[in-house]
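*Asks:* Questions regarding the structure given below will be posed in turn.
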Amino acid sequence: MTETIIGRVLTSETPQSTRLENVALLVDTDGTIQERTLQDTARYDALSGRKDAVWLPDDALFIPGLTDLHIHAPQWPQAGMALDRPLEDWLGTYTFPLEARYADPAFAESVYDDLVRTLLENGTTTALYFATIHKEASLVLARTCLRYGQRGFVGLVAMDHPDLCPPDYRQTSAQEALDATRRFIEAVRTLPGNEYGLVQPVITPRFIPACSDALLEGLGALAAELNVRVQTHASESDWEHQHVLDRTGQTDTHALDRFGLLRDHTVLAHAGFLDQTDRTLVKNRNAALAHCPISNAFFAGAALPVRDVLDEHVHCGLGTDISGGYSPSIFENARQAVLTSRLLESGTNPHLPVSERGLPKSRIDFQEAFWLATRGGAEALGVSAGQLMPGQMFDAVEILGTSGALRLHPKDDAATCAQKIVCHASSQTIGRVWVNGRQIKEKASHPC
Ligand code: GUN
Ligand code: FE
């Protein structure tokens, strides 16, 4: 049966322009938006007259579901902790030992259940996940997405380099990692309940320093053979960027391309040290960047020049990078994307003259952050969502206009709504959530 959904809809038209309209949406049984009809038309009156129509309250509005373009599910237990070391120490001291615990699928069950629920409470309808090297635990994550109805892209992590990876947390050879990745892809594609492909496998070399050349080459070949998306970290920090330059003589982007890993919808996380040549290559391959502004404040030592990324029309969305970033909220990262860009523009050292302090023309505004959180993330992955337009899947979030710290007024225009939502949205301001036309979260699933 089709479903009729009626209310105000806020969507991005371009990164710089946002639309706010009263519409009636007709959604197919498979979750595709069949029709989008504006108020004050005969068709709108016919649809809104249906007895079973779902209405939004007057002070609420729909936005497209949010995409988290980079998140480490196994690191959820240390979110908000352990951010006192540089990336290369943090990995060995805290993160690899935590991830090694996922050899126990029961541990994964409890963490992943809590995480996926928390993400839905924060409006994340699509997530691109790093899991761990363990097949069983990574399948637990895939099943958890399916159980809750979240659109999930899940990667079994591949890492075999003995110099960087500890003996108890790495695959013992390139071949072992390749075999495990192949088996994982097959297992996700044939999971019971995944007949419509709500959950997809992703080839996931952790980052070049953690992988041998043989592994990177093999994963590139596997991506082409099985037509699977790829995700990895790229040019994240001074240390990481230089490490790859020293080892390969190339930037991460160019090295990944040489290994066949820079493909349609490949997502490069962080990517702050990419230069314009790298970004042009990303664009030419139809790959994308995951901007993780909170994590970058701790590990990158620099800010992604997101203004340039947008102006160059390189695909880009936002990532929480749990637990390099502490917040599970894409709205929180959208706020920080704006703030970081402002600090990049102004500079921060008050002892320098204004003319030398910052990088002029670096800022993005709130509408652009809203675009990154919704449409940018969906387009990066090639998911037909992100705009609530006909032909797209109905992945949507109900924003409660007078809840938490949010105060939307009836006269607020689209740009104002986008700005207020980016500034004030939280789990408290999120009502119902839909993925593929299916309502997967009630108005208040948690008492706060
Ligand atoms: N580089 C390699 N692994 C990781 C990780 O888990 N988090 C972050 N932020 N960067 C990485
Ligand atoms: Fe990361």
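Going through the structure tokens in order, the chains are called A, B, and so on, while each chain numbers its residues from 1 and the ligands are numbered from 1 in the order shown.
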If we count only C-alpha atoms, what is near Leu289 in chain A at a cut-off of 12 Å, once residues fewer than 6 positions away on the same chain are taken out, given as number ranges by chain?
*Replies:* A: 68-70, 230-236, 253, 262, 265-274, 278-283, 304-306, 309-310, 313-319, 372, 376-381
*Asks:* Deliver the residues from the most recent selection as a file, using C-alpha atoms, as a compact mmCIF listing (two decimals), in the first residue's frame.
*Replies:*
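Saved as result19.txt:
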```txt
# COMPACT_ATOMS: atom_id res chain seq x y z
CA ASP A 68 27.21 9.75 9.08
CA LEU A 69 29.91 9.28 6.48
CA HIS A 70 32.57 8.02 8.90
CA VAL A 230 35.67 1.36 -0.47
CA GLN A 231 36.39 3.45 2.62
CA THR A 232 39.64 4.38 4.31
CA HIS A 233 41.44 7.21 6.13
CA ALA A 234 43.53 9.57 4.02
CA SER A 235 45.94 12.41 4.76
CA GLU A 236 44.54 12.79 8.25
CA THR A 253 45.07 9.94 -2.65
CA LEU A 262 39.90 5.33 -5.46
CA HIS A 265 31.82 6.40 -4.04
CA THR A 266 35.08 5.60 -2.27
CA VAL A 267 35.01 7.63 0.94
CA LEU A 268 38.24 9.17 2.25
CA ALA A 269 37.92 10.15 5.88
CA HIS A 270 39.46 13.40 7.20
CA ALA A 271 41.51 14.35 4.11
CA GLY A 272 42.60 17.71 5.52
CA PHE A 273 46.04 17.54 3.94
CA LEU A 274 44.82 16.87 0.41
CA ASP A 278 44.48 15.30 -4.87
CA ARG A 279 40.99 16.77 -4.71
CA THR A 280 40.75 16.91 -8.49
CA LEU A 281 41.60 13.21 -8.60
CA VAL A 282 38.94 12.46 -5.96
CA LYS A 283 36.42 14.35 -8.06
CA LEU A 304 39.90 20.64 6.23
CA PRO A 305 39.47 23.61 3.84
CA VAL A 306 35.82 22.70 3.32
CA VAL A 309 35.93 21.37 -1.30
CA LEU A 310 32.46 22.82 -1.86
CA HIS A 313 32.26 20.43 -6.29
CA VAL A 314 34.06 17.49 -4.71
CA HIS A 315 31.57 15.10 -3.05
CA CYS A 316 31.63 15.64 0.70
CA GLY A 317 29.56 14.80 3.77
CA LEU A 318 30.06 14.78 7.52
CA GLY A 319 31.42 12.06 9.80
CA LEU A 372 26.64 18.47 4.03
CA GLY A 376 26.13 15.87 0.64
CA GLY A 377 26.43 12.63 2.60
CA ALA A 378 23.79 10.82 0.55
CA GLU A 379 25.35 11.87 -2.76
CA ALA A 380 28.81 10.85 -1.55
CA LEU A 381 27.56 7.30 -1.12
```
*Asks:* Taking only C-alpha atoms and all ligand atoms into account, list the residues no farther than 6 Å from ligand 1, as JSON, numbers by chain.
*Replies:* {"A": [206, 207, 233, 324]}
*Asks:* Select, from A:Thr4, A:Asn122, A:Gln175, A:Thr429, the residue with the minimum atom-to-atom distance to Asp28 in chain A, counting only C-alpha atoms.
*Replies:*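 Using only C-alpha atoms, Asp28 in chain A sits closest to A:Thr4.
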*Asks:* Could you give me, as JSON lines, a per-residue list for range 292-404 of chain A showing, wherever an atom lies at most 9 Å from an atom of range 87-107 of chain A, the closest pair of atoms and their distance in Å to one decimal, using only C-alpha atoms and sorting by chain then residue number from low to high?
*Replies:*
```
{"residue": "A:Phe298", "atom": "CA", "partner": "A:Leu87", "partner_atom": "CA", "distance": 8.3}
{"residue": "A:Phe299", "atom": "CA", "partner": "A:Leu87", "partner_atom": "CA", "distance": 5.5}
{"residue": "A:Ala300", "atom": "CA", "partner": "A:Leu87", "partner_atom": "CA", "distance": 8.1}
{"residue": "A:Ser323", "atom": "CA", "partner": "A:Thr95", "partner_atom": "CA", "distance": 8.9}
{"residue": "A:Gly324", "atom": "CA", "partner": "A:Leu87", "partner_atom": "CA", "distance": 8.6}
```
*Asks:* Using only C-alpha atoms, which of A:Thr2, A:Ser346, A:Ser341, A:Gln150 sits nearest Val54 in chain A?
*Replies:*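 Comparing A:Thr2, A:Ser346, A:Ser341, A:Gln150 against Val54 in chain A, the winner is A:Thr2.
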*Asks:* Do a neighbour search on range 6-15 of chain A at 7 Å with only C-alpha atoms, toss out local chain neighbours closer than 5 positions, and write the hits as a PyMOL selection string.
*Replies:* chain A and resi 20-25+48+54-56+61-64+367-368+371+375+387+414
*Asks:* For Thr67 in chain A, list every protein, DNA or RNA residue within 7 Å, evaluated using only C-alpha atoms, and leave out those in the same chain fewer than 2 positions away; present the list as a PyMOL selection string.
*Replies:* chain A and resi 65+69+124-127+373-374+377-378
